[in-house]
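Structure file coords-v2.cif; described as mmCIF, C-alpha atoms.
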data_final
loop_
_atom_site.label_atom_id
_atom_site.label_comp_id
_atom_site.auth_asym_id
_atom_site.auth_seq_id
_atom_site.Cartn_x
_atom_site.Cartn_y
_atom_site.Cartn_z
CA MET A 1 -11.77 -8.08 -14.06
CA ARG A 2 -10.52 -9.17 -10.67
CA PHE A 3 -7.24 -11.04 -10.24
CA SER A 4 -5.90 -14.02 -12.16
CA PRO A 5 -7.69 -17.35 -11.44
CA LEU A 6 -4.84 -18.80 -9.38
CA LEU A 7 -4.58 -15.64 -7.30
CA GLU A 8 -8.35 -15.58 -6.73
CA GLN A 9 -8.15 -19.18 -5.54
CA LEU A 10 -5.37 -18.33 -3.11
CA ILE A 11 -7.34 -15.38 -1.70
CA GLU A 12 -10.37 -17.63 -1.26
CA ALA A 13 -8.24 -20.29 0.46
CA PHE A 14 -6.90 -17.76 2.99
CA ARG A 15 -10.49 -17.07 4.08
CA CYS A 16 -10.54 -20.38 5.98
CA LEU A 17 -8.24 -18.88 8.61
CA PRO A 18 -9.94 -17.50 11.73
CA GLY A 19 -10.35 -13.72 11.69
CA VAL A 20 -9.47 -13.37 8.02
CA GLY A 21 -12.03 -11.57 5.85
CA PRO A 22 -11.89 -10.75 2.13
CA LYS A 23 -9.65 -7.69 2.58
CA SER A 24 -7.08 -9.38 4.82
CA ALA A 25 -7.02 -12.44 2.56
CA GLN A 26 -6.26 -10.18 -0.40
CA ARG A 27 -3.53 -8.40 1.52
CA MET A 28 -1.96 -11.71 2.60
CA ALA A 29 -1.92 -13.13 -0.94
CA LEU A 30 -0.59 -9.95 -2.54
CA GLN A 31 2.06 -9.37 0.10
CA LEU A 32 3.40 -12.93 -0.15
CA LEU A 33 3.58 -12.62 -3.94
CA THR A 34 5.20 -9.19 -3.87
CA ARG A 35 7.92 -9.72 -1.31
CA GLY A 36 7.62 -13.00 0.47
CA ARG A 37 7.67 -15.89 -1.99
CA GLU A 38 10.20 -17.76 0.09
CA ASN A 39 8.06 -17.30 3.20
CA GLY A 40 5.02 -18.37 1.22
CA LYS A 41 6.71 -21.54 0.06
CA ARG A 42 7.83 -22.30 3.60
CA LEU A 43 4.32 -21.75 4.92
CA ALA A 44 2.90 -24.07 2.23
CA GLN A 45 5.43 -26.73 3.16
CA CYS A 46 4.86 -26.44 6.94
CA LEU A 47 1.11 -26.46 6.46
CA HIS A 48 1.25 -29.53 4.26
CA GLU A 49 3.44 -31.43 6.72
CA ALA A 50 1.44 -30.36 9.76
CA MET A 51 -1.92 -31.36 8.25
CA GLN A 52 -0.39 -34.65 7.14
CA HIS A 53 1.64 -35.68 10.17
CA ILE A 54 0.20 -34.06 13.29
CA LYS A 55 -2.09 -36.56 14.96
CA HIS A 56 -3.41 -36.71 18.51
CA CYS A 57 -1.43 -38.10 21.44
CA GLU A 58 -3.02 -41.48 22.06
CA SER A 59 -3.22 -40.87 25.76
CA CYS A 60 -4.22 -37.20 26.20
CA ARG A 61 -5.49 -36.15 22.74
CA ILE A 62 -3.14 -33.16 22.46
CA PHE A 63 -1.73 -32.47 18.99
CA SER A 64 1.46 -34.43 18.51
CA GLU A 65 3.35 -36.04 15.66
CA SER A 66 4.50 -38.87 17.93
CA THR A 67 2.21 -41.53 19.41
CA LEU A 68 2.66 -40.16 22.93
CA CYS A 69 3.28 -36.49 23.65
CA GLU A 70 6.18 -35.26 25.73
CA ILE A 71 4.16 -35.03 28.96
CA CYS A 72 2.41 -38.39 28.60
CA ALA A 73 5.72 -40.09 27.82
CA SER A 74 7.45 -38.49 30.81
CA GLN A 75 8.37 -40.65 33.82
CA HIS A 76 8.54 -37.61 36.06
CA ARG A 77 4.85 -36.71 36.00
CA ASP A 78 2.34 -38.02 38.52
CA ALA A 79 0.05 -40.37 36.59
CA SER A 80 -2.49 -40.52 39.44
CA LEU A 81 -3.43 -36.87 38.92
CA LEU A 82 -5.26 -35.90 35.72
CA CYS A 83 -6.08 -32.35 34.70
CA ILE A 84 -8.87 -32.08 32.13
CA VAL A 85 -8.83 -28.98 29.89
CA GLU A 86 -10.70 -27.84 26.81
CA ASN A 87 -7.86 -26.74 24.54
CA PRO A 88 -4.18 -27.46 23.88
CA ILE A 89 -3.40 -23.84 24.70
CA ASP A 90 -4.78 -24.36 28.22
CA VAL A 91 -2.03 -26.91 28.84
CA THR A 92 0.53 -24.21 28.06
CA ALA A 93 -1.21 -21.83 30.46
CA ILE A 94 -1.20 -24.38 33.29
CA GLU A 95 2.39 -25.46 32.61
CA GLN A 96 3.45 -21.83 32.92
CA THR A 97 2.26 -21.80 36.54
CA SER A 98 4.69 -24.62 37.44
CA SER A 99 2.04 -25.69 39.99
CA PHE A 100 0.97 -28.93 38.40
CA ARG A 101 3.03 -32.10 38.04
CA GLY A 102 0.30 -34.52 36.92
CA LYS A 103 -0.84 -35.43 33.44
CA TYR A 104 -3.47 -33.93 31.15
CA PHE A 105 -6.48 -34.85 29.09
CA ILE A 106 -7.52 -32.45 26.33
CA LEU A 107 -11.18 -32.44 25.28
CA LEU A 108 -10.54 -30.31 22.18
CA GLY A 109 -13.77 -28.42 22.77
CA HIS A 110 -16.73 -28.44 25.12
CA LEU A 111 -20.17 -29.97 25.00
CA SER A 112 -22.34 -27.88 22.71
CA PRO A 113 -25.32 -29.86 21.43
CA LEU A 114 -26.52 -26.98 19.24
CA ASP A 115 -23.23 -27.09 17.30
CA GLY A 116 -23.40 -30.86 17.08
CA ILE A 117 -20.62 -31.35 19.62
CA GLY A 118 -21.58 -34.23 21.90
CA PRO A 119 -19.60 -36.56 24.22
CA GLU A 120 -18.12 -38.43 21.27
CA GLU A 121 -16.53 -35.30 19.77
CA ILE A 122 -14.79 -34.35 23.02
CA GLY A 123 -13.24 -37.79 23.55
CA ILE A 124 -15.39 -38.94 26.46
CA ALA A 125 -15.00 -42.61 25.43
CA GLN A 126 -11.24 -42.23 25.60
CA LEU A 127 -11.47 -40.47 28.96
CA LYS A 128 -13.62 -43.30 30.33
CA GLN A 129 -10.94 -45.77 29.23
CA ARG A 130 -8.40 -43.80 31.24
CA PHE A 131 -10.69 -44.02 34.28
CA GLU A 132 -11.03 -47.77 33.78
CA GLN A 133 -7.27 -48.25 33.94
CA LYS A 134 -7.56 -47.39 37.67
CA GLU A 135 -4.31 -45.43 37.71
CA ILE A 136 -6.03 -42.11 38.31
CA LYS A 137 -6.81 -41.04 41.87
CA GLU A 138 -7.90 -37.45 41.27
CA ILE A 139 -9.15 -35.49 38.30
CA ILE A 140 -8.95 -31.71 38.27
CA ILE A 141 -11.55 -30.37 35.88
CA ALA A 142 -10.13 -27.18 34.38
CA THR A 143 -12.64 -26.44 31.63
CA ASN A 144 -13.34 -22.75 31.07
CA PRO A 145 -15.62 -21.03 33.63
CA THR A 146 -18.27 -20.44 30.93
CA VAL A 147 -21.75 -21.92 30.67
CA GLU A 148 -20.55 -24.62 28.28
CA GLY A 149 -17.41 -25.25 30.29
CA GLU A 150 -19.43 -25.71 33.50
CA ALA A 151 -21.86 -28.05 31.75
CA THR A 152 -18.96 -30.11 30.44
CA ALA A 153 -17.39 -30.17 33.92
CA HIS A 154 -20.67 -31.39 35.38
CA TYR A 155 -20.93 -34.12 32.75
CA ILE A 156 -17.40 -35.36 33.42
CA ALA A 157 -17.94 -35.29 37.21
CA GLN A 158 -20.97 -37.57 36.73
CA LEU A 159 -18.94 -39.83 34.49
CA ALA A 160 -16.18 -40.21 37.08
CA LYS A 161 -18.52 -41.07 39.98
CA PRO A 162 -18.70 -44.86 39.48
CA PHE A 163 -14.90 -45.10 39.44
CA VAL A 164 -14.35 -43.77 42.98
CA ILE A 165 -12.09 -41.00 41.75
CA LYS A 166 -11.74 -37.73 43.64
CA VAL A 167 -13.22 -35.05 41.39
CA THR A 168 -12.13 -31.43 41.84
CA ARG A 169 -12.80 -28.25 39.93
CA ILE A 170 -10.34 -25.33 39.71
CA ALA A 171 -11.34 -22.60 42.17
CA ARG A 172 -13.53 -19.80 40.90
CA GLY A 173 -13.01 -16.49 42.64
CA VAL A 174 -11.49 -13.05 42.30
CA SER A 175 -8.44 -12.51 40.10
CA LEU A 176 -5.23 -11.38 41.77
CA GLY A 177 -4.75 -7.64 41.32
CA SER A 178 -8.40 -6.95 40.53
CA GLU A 179 -10.65 -4.53 42.42
CA LEU A 180 -13.84 -5.72 44.09
CA GLU A 181 -15.97 -2.93 42.68
CA TYR A 182 -15.34 -4.10 39.12
CA ILE A 183 -15.89 -7.83 39.66
CA ASP A 184 -19.11 -9.29 38.28
CA PRO A 185 -21.66 -10.52 40.86
CA ASN A 186 -21.46 -14.18 39.83
CA THR A 187 -17.71 -14.35 40.31
CA LEU A 188 -18.03 -12.56 43.64
CA ALA A 189 -20.73 -14.99 44.75
CA HIS A 190 -18.39 -17.89 43.88
CA ALA A 191 -15.58 -16.21 45.81
CA LEU A 192 -17.78 -15.89 48.89
CA VAL A 193 -19.06 -19.45 48.77
CA GLY A 194 -15.55 -20.81 48.17
CA ARG A 195 -13.96 -18.73 50.94
CA GLU A 196 -10.91 -20.17 52.66
CA VAL A 197 -9.80 -20.11 56.29
CA ILE A 198 -6.62 -18.05 56.71
CA MET B 1 6.69 -27.41 27.32
CA ARG B 2 5.11 -25.60 24.43
CA PHE B 3 3.62 -27.42 21.45
CA SER B 4 5.08 -30.27 19.40
CA PRO B 5 7.98 -29.27 17.11
CA LEU B 6 5.93 -29.50 13.90
CA LEU B 7 3.15 -27.40 15.39
CA GLU B 8 5.65 -24.81 16.65
CA GLN B 9 7.09 -24.62 13.14
CA LEU B 10 3.64 -24.06 11.65
CA ILE B 11 2.86 -21.28 14.14
CA GLU B 12 6.18 -19.63 13.31
CA ALA B 13 5.46 -19.92 9.56
CA PHE B 14 2.08 -18.18 9.94
CA ARG B 15 3.89 -15.17 11.38
CA CYS B 16 5.05 -14.20 7.88
CA LEU B 17 1.52 -13.12 7.01
CA PRO B 18 0.77 -9.40 7.38
CA GLY B 19 -1.07 -8.52 10.60
CA VAL B 20 -0.48 -11.91 12.19
CA GLY B 21 1.20 -11.88 15.61
CA PRO B 22 2.07 -14.81 17.89
CA LYS B 23 -1.46 -15.14 19.30
CA SER B 24 -3.24 -15.12 15.93
CA ALA B 25 -0.67 -17.51 14.47
CA GLN B 26 -1.36 -19.92 17.32
CA ARG B 27 -5.10 -19.60 16.84
CA MET B 28 -4.79 -20.22 13.08
CA ALA B 29 -2.67 -23.34 13.51
CA LEU B 30 -4.81 -24.83 16.29
CA GLN B 31 -8.09 -24.09 14.53
CA LEU B 32 -6.95 -25.68 11.27
CA LEU B 33 -5.80 -28.78 13.15
CA THR B 34 -8.94 -29.01 15.27
CA ARG B 35 -11.59 -28.62 12.62
CA GLY B 36 -10.22 -27.59 9.30
CA ARG B 37 -7.67 -30.11 8.08
CA GLU B 38 -9.26 -30.20 4.65
CA ASN B 39 -9.15 -26.41 4.44
CA GLY B 40 -5.58 -26.49 5.66
CA LYS B 41 -4.56 -28.94 2.98
CA ARG B 42 -6.32 -26.87 0.33
CA LEU B 43 -4.56 -23.71 1.53
CA ALA B 44 -1.18 -25.48 1.44
CA GLN B 45 -1.89 -26.65 -2.10
CA CYS B 46 -3.11 -23.24 -3.35
CA LEU B 47 -0.17 -21.51 -1.70
CA HIS B 48 2.31 -23.90 -3.25
CA GLU B 49 0.84 -23.51 -6.72
CA ALA B 50 0.51 -19.75 -6.47
CA MET B 51 4.10 -19.24 -5.27
CA GLN B 52 5.31 -21.56 -8.02
CA HIS B 53 3.24 -20.47 -11.00
CA ILE B 54 2.14 -16.86 -10.54
CA LYS B 55 4.57 -14.66 -12.42
CA HIS B 56 4.27 -11.10 -13.65
CA CYS B 57 2.47 -10.10 -16.84
CA GLU B 58 5.30 -9.29 -19.25
CA SER B 59 3.65 -6.12 -20.36
CA CYS B 60 2.14 -4.54 -17.23
CA ARG B 61 3.83 -6.40 -14.32
CA ILE B 62 0.53 -7.42 -12.70
CA PHE B 63 0.45 -10.90 -11.11
CA SER B 64 -0.59 -13.43 -13.71
CA GLU B 65 0.07 -17.08 -14.43
CA SER B 66 -0.04 -16.41 -18.19
CA THR B 67 2.55 -14.39 -20.10
CA LEU B 68 0.08 -11.59 -20.77
CA CYS B 69 -2.72 -10.71 -18.37
CA GLU B 70 -6.33 -10.46 -19.48
CA ILE B 71 -6.25 -6.69 -19.95
CA CYS B 72 -2.92 -6.59 -21.81
CA ALA B 73 -4.08 -9.39 -24.10
CA SER B 74 -7.40 -7.71 -24.84
CA GLN B 75 -8.02 -6.18 -28.28
CA HIS B 76 -10.73 -3.93 -26.92
CA ARG B 77 -8.57 -1.74 -24.74
CA ASP B 78 -6.96 1.47 -25.97
CA ALA B 79 -3.22 0.79 -26.11
CA SER B 80 -2.41 4.49 -26.53
CA LEU B 81 -3.60 5.27 -23.00
CA LEU B 82 -1.55 3.93 -20.09
CA CYS B 83 -2.56 4.21 -16.45
CA ILE B 84 0.31 3.78 -14.00
CA VAL B 85 -0.58 2.53 -10.52
CA GLU B 86 1.33 1.32 -7.48
CA ASN B 87 -0.47 -1.93 -6.65
CA PRO B 88 -2.49 -4.67 -8.35
CA ILE B 89 -5.43 -3.81 -6.10
CA ASP B 90 -5.49 -0.29 -7.58
CA VAL B 91 -6.31 -1.81 -10.98
CA THR B 92 -9.40 -3.41 -9.42
CA ALA B 93 -10.40 -0.05 -7.91
CA ILE B 94 -10.07 1.74 -11.26
CA GLU B 95 -11.80 -1.05 -13.19
CA GLN B 96 -14.75 -0.75 -10.83
CA THR B 97 -15.30 2.84 -11.96
CA SER B 98 -15.84 1.67 -15.60
CA SER B 99 -14.30 5.02 -16.59
CA PHE B 100 -11.05 3.78 -18.08
CA ARG B 101 -10.61 1.77 -21.27
CA GLY B 102 -6.84 1.98 -21.64
CA LYS B 103 -4.14 -0.34 -20.36
CA TYR B 104 -2.19 -0.41 -17.12
CA PHE B 105 1.32 -0.50 -15.78
CA ILE B 106 1.81 -1.68 -12.20
CA LEU B 107 4.87 -0.45 -10.32
CA LEU B 108 4.41 -2.92 -7.44
CA GLY B 109 5.45 -0.28 -4.93
CA HIS B 110 6.72 3.28 -4.88
CA LEU B 111 10.15 4.89 -4.76
CA SER B 112 11.41 4.66 -1.19
CA PRO B 113 15.21 4.96 -1.08
CA LEU B 114 15.31 4.41 2.69
CA ASP B 115 13.74 0.96 2.22
CA GLY B 116 16.08 0.19 -0.66
CA ILE B 117 13.33 0.57 -3.26
CA GLY B 118 14.76 2.42 -6.23
CA PRO B 119 13.74 2.75 -9.91
CA GLU B 120 14.88 -0.80 -10.67
CA GLU B 121 12.53 -2.35 -8.08
CA ILE B 122 9.46 -0.56 -9.43
CA GLY B 123 10.08 -1.64 -13.03
CA ILE B 124 11.15 1.71 -14.45
CA ALA B 125 13.33 0.01 -17.09
CA GLN B 126 10.32 -1.92 -18.33
CA LEU B 127 8.18 1.23 -18.33
CA LYS B 128 10.80 3.03 -20.40
CA GLN B 129 10.68 0.19 -22.92
CA ARG B 130 6.95 0.69 -23.21
CA PHE B 131 7.55 4.40 -23.89
CA GLU B 132 10.11 3.53 -26.56
CA GLN B 133 7.58 1.42 -28.46
CA LYS B 134 5.87 4.74 -29.34
CA GLU B 135 2.38 3.28 -29.03
CA ILE B 136 1.51 5.33 -25.95
CA LYS B 137 0.07 8.82 -26.41
CA GLU B 138 -0.91 9.59 -22.83
CA ILE B 139 0.05 8.28 -19.44
CA ILE B 140 -2.22 8.82 -16.44
CA ILE B 141 -0.15 8.63 -13.28
CA ALA B 142 -2.42 7.20 -10.58
CA THR B 143 0.07 6.54 -7.79
CA ASN B 144 -1.28 7.15 -4.29
CA PRO B 145 -1.59 10.80 -3.19
CA THR B 146 1.05 10.26 -0.48
CA VAL B 147 4.52 11.77 -0.22
CA GLU B 148 6.10 8.66 -1.78
CA GLY B 149 3.39 8.38 -4.41
CA GLU B 150 3.86 12.02 -5.43
CA ALA B 151 7.64 11.60 -5.60
CA THR B 152 7.19 8.51 -7.77
CA ALA B 153 4.73 10.40 -9.99
CA HIS B 154 7.22 13.24 -10.40
CA TYR B 155 9.99 10.78 -11.30
CA ILE B 156 7.86 9.10 -13.96
CA ALA B 157 6.74 12.44 -15.39
CA GLN B 158 10.42 13.39 -15.86
CA LEU B 159 11.11 10.02 -17.46
CA ALA B 160 8.31 10.46 -19.99
CA LYS B 161 9.35 13.96 -21.09
CA PRO B 162 11.82 12.98 -23.87
CA PHE B 163 9.20 10.74 -25.48
CA VAL B 164 6.68 13.52 -26.23
CA ILE B 165 3.95 11.73 -24.30
CA LYS B 166 1.10 13.65 -22.66
CA VAL B 167 1.54 13.15 -18.92
CA THR B 168 -1.47 13.55 -16.60
CA ARG B 169 -2.04 12.96 -12.91
CA ILE B 170 -5.39 11.92 -11.41
CA ALA B 171 -7.19 14.96 -9.95
CA ARG B 172 -6.69 15.65 -6.26
CA GLY B 173 -9.63 17.34 -4.57
CA VAL B 174 -12.55 16.84 -2.25
CA SER B 175 -14.20 13.40 -1.99
CA LEU B 176 -17.82 13.13 -3.06
CA GLY B 177 -20.11 13.14 -0.02
CA SER B 178 -17.53 14.70 2.29
CA GLU B 179 -18.00 17.94 4.25
CA LEU B 180 -15.68 20.90 3.77
CA GLU B 181 -15.14 21.46 7.49
CA TYR B 182 -13.54 18.02 7.88
CA ILE B 183 -11.26 18.12 4.85
CA ASP B 184 -7.56 18.56 5.53
CA PRO B 185 -6.03 21.87 4.36
CA ASN B 186 -3.69 20.29 1.79
CA THR B 187 -6.52 18.52 -0.01
CA LEU B 188 -8.61 21.69 0.07
CA ALA B 189 -5.69 23.68 -1.34
CA HIS B 190 -5.41 21.17 -4.20
CA ALA B 191 -9.17 21.39 -4.80
CA LEU B 192 -8.96 25.19 -5.07
CA VAL B 193 -5.96 25.20 -7.40
CA GLY B 194 -7.51 22.48 -9.58
CA ARG B 195 -10.96 24.14 -9.73
CA GLU B 196 -13.02 23.55 -12.86
CA VAL B 197 -15.31 25.84 -14.86
CA ILE B 198 -18.95 24.72 -14.60
#

Could you render the structure from this file as structure tokens?
Amino acid sequence: MRFSPLLEQLIEAFRCLPGVGPKSAQRMALQLLTRGRENGKRLAQCLHEAMQHIKHCESCRIFSESTLCEICASQHRDASLLCIVENPIDVTAIEQTSSFRGKYFILLGHLSPLDGIGPEEIGIAQLKQRFEQKEIKEIIIATNPTVEGEATAHYIAQLAKPFVIKVTRIARGVSLGSELEYIDPNTLAHALVGREVI
Amino acid sequence: MRFSPLLEQLIEAFRCLPGVGPKSAQRMALQLLTRGRENGKRLAQCLHEAMQHIKHCESCRIFSESTLCEICASQHRDASLLCIVENPIDVTAIEQTSSFRGKYFILLGHLSPLDGIGPEEIGIAQLKQRFEQKEIKEIIIATNPTVEGEATAHYIAQLAKPFVIKVTRIARGVSLGSELEYIDPNTLAHALVGREVI
């Protein structure tokens, strides 16, 4: 005997969450049933509504329940400057710096042919449309500094070429507060090549 | 700017799960939206049904969508032998041993006055009713060997006294496969006091 069928189903359903194995799933289900039914109901409701109503912003692909997200709809952002990131969370990170007043485009991933993620999956068609509107003067490619992120950046740079758009990539170099002896050689090489006049 | 209101709500709702902090909640919400909407909908559905329909078995308090759980409804289990455990998961652990053919009573917690968990919360009234039915000849108290578990065991033992029921406690001693030098003194003391003739 394990648990009742409905409870087994719930435990199984929790397994779809990232980082949740059989033991955590069990703990989640049992804890909600024991002393969190109200929370459980609220979670079910939020989840249902989110899966139903959250679409993508038509302009930047970020998750949004309205047609245009807050940033894309804003009149105060510079539409000639487009920052391209992999994930919605990266937008939050960049916004926190208060150093960027342009708009965004979110790829929702990076090129990864082995996982079946090609240009179509990361919204390249939509990005090309944005280029064709001729509003954009510069794109800042802020994909992650990983192998896949660099490959995606390279792909997008090629794509932008015919449109006479200035293409930049966020600087790769040493982190503030780090110590040279602990920095990996590749990063250090980038920091040397990208050195700035002071 | 953070995320859209609906997405923020979903992230907040995930925080009710045990072991889920702000970062994991964010990751869960974003991952379900990015590539798991079907899973998300299924989880919402399962959660809704479970919170709505899973009640407690009327006899043993385990989670069950039927009035009596499988074990309580079974004709093949010895109704004169009652094993009292803290949590539903403990039933699974004991069932896995295949060494117990009696029935169970699940406290769904342990006495913990500081957390506001008294006899009422752990179903003592219901347990007393079971004693009064005079079917039970022996109770095996299998609460956890922790301070709270021992206190709860002691409380139940006192409760059973007037009913002339044999009260036993699962043996405390050394784990199979462990090494004496690493066993804590309290466990070793219990193992010495509870020594058996071979």

Chain and number of each residue from the PyMOL selection byres ((chain A and resi 139) around 10), as a count of residues only
24

Within 12 Å of Glu38 of chain B using all atoms listed in the file, minus same-chain residues under 6 positions, as a list in words
Ala13, Cys16, Leu47, His48, Ala50, Met51 and Gln52 of chain A; Gln31, Leu32, Ala44 and Gln45 of chain B

Which chain A residues have any atom within 8 Å of an atom of chain B, and for each, what is the nearest pair of atoms with distance in Å to one decimal, counting all atoms listed in the file, rows sorted by chain and number, as a tab-separated table?
residue	atom	partner	partner_atom	distance
A:Met1	CA	B:Thr92	CA	7.0
A:Arg2	CA	B:Thr92	CA	6.0
A:Phe3	CA	B:Phe63	CA	7.7
A:Ser4	CA	B:Ser64	CA	5.6
A:Leu6	CA	B:Ala50	CA	6.2
A:Leu7	CA	B:Ala50	CA	6.6
A:Gln9	CA	B:Cys46	CA	6.8
A:Leu10	CA	B:Cys46	CA	5.4
A:Ala13	CA	B:Leu43	CA	5.1
A:Phe14	CA	B:Leu43	CA	6.6
A:Cys16	CA	B:Asn39	CA	6.4
A:Leu17	CA	B:Met28	CA	5.8
A:Pro18	CA	B:Met28	CA	6.0
A:Arg27	CA	B:Pro18	CA	7.3
A:Met28	CA	B:Leu17	CA	5.8
A:Gln31	CA	B:Pro18	CA	7.4
A:Leu32	CA	B:Leu17	CA	7.4
A:Leu33	CA	B:Met51	CA	6.8
A:Thr34	CA	B:Leu108	CA	7.3
A:Gly36	CA	B:Cys16	CA	7.9
A:Arg37	CA	B:Met51	CA	5.9
A:Asn39	CA	B:Cys16	CA	6.4
A:Gly40	CA	B:Met51	CA	6.6
A:Lys41	CA	B:His48	CA	6.0
A:Arg42	CA	B:Ala13	CA	6.8
A:Leu43	CA	B:Ala13	CA	5.1
A:Ala44	CA	B:Ala44	CA	4.4
A:Gln45	CA	B:Ala44	CA	6.9
A:Cys46	CA	B:Leu10	CA	5.4
A:Leu47	CA	B:Ala44	CA	5.6
A:His48	CA	B:Ala44	CA	5.5
A:Glu49	CA	B:Leu6	CA	7.8
A:Ala50	CA	B:Leu6	CA	6.2
A:Met51	CA	B:Arg37	CA	5.9
A:Ile54	CA	B:Leu6	CA	7.3
A:Phe63	CA	B:Ser4	CA	7.2
A:Ser64	CA	B:Ser4	CA	5.6
A:Glu65	CA	B:Ser4	CA	7.1
A:Cys69	CA	B:Ser4	CA	7.7
A:Thr92	CA	B:Arg2	CA	6.0
A:Glu95	CA	B:Met1	CA	7.1
A:Leu108	CA	B:Thr34	CA	7.2

For the file shown, report as a list in words the outcome of the PyMOL selection byres ((chain B and resi 145) around 10) at residue level.
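Selection result, ordered by chain and number: Ala142, Thr143, Asn144, Thr146, Val147, Glu148, Gly149, Glu150, Ala151, Ala153, Arg169, Ile170, Ala171, Arg172 and Thr187 of chain B.
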
Separation of atom CA of Ser59 of chain B from atom CA of Gln129 of chain B in Å
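So the answer is 9.8 Å.
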
Computed interatomic separation between atom CA of His154 of chain B and atom CA of Ser99 of chain B (Å)
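For atom CA of His154 of chain B relative to atom CA of Ser99 of chain B, the distance reads 23.9 Å.
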
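Interatomic distance, atom CA of Glu132 of chain A against atom CA of Thr97 of chain A: 29.3 Å.
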
Minimum-distance residue to Asp90 of chain A, chosen among A:Gly116, A:Ile106, A:Asn186, A:Glu181 (using only C-alpha atoms):
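Among the listed residues, A:Ile106 lies closest to Asp90 of chain A.
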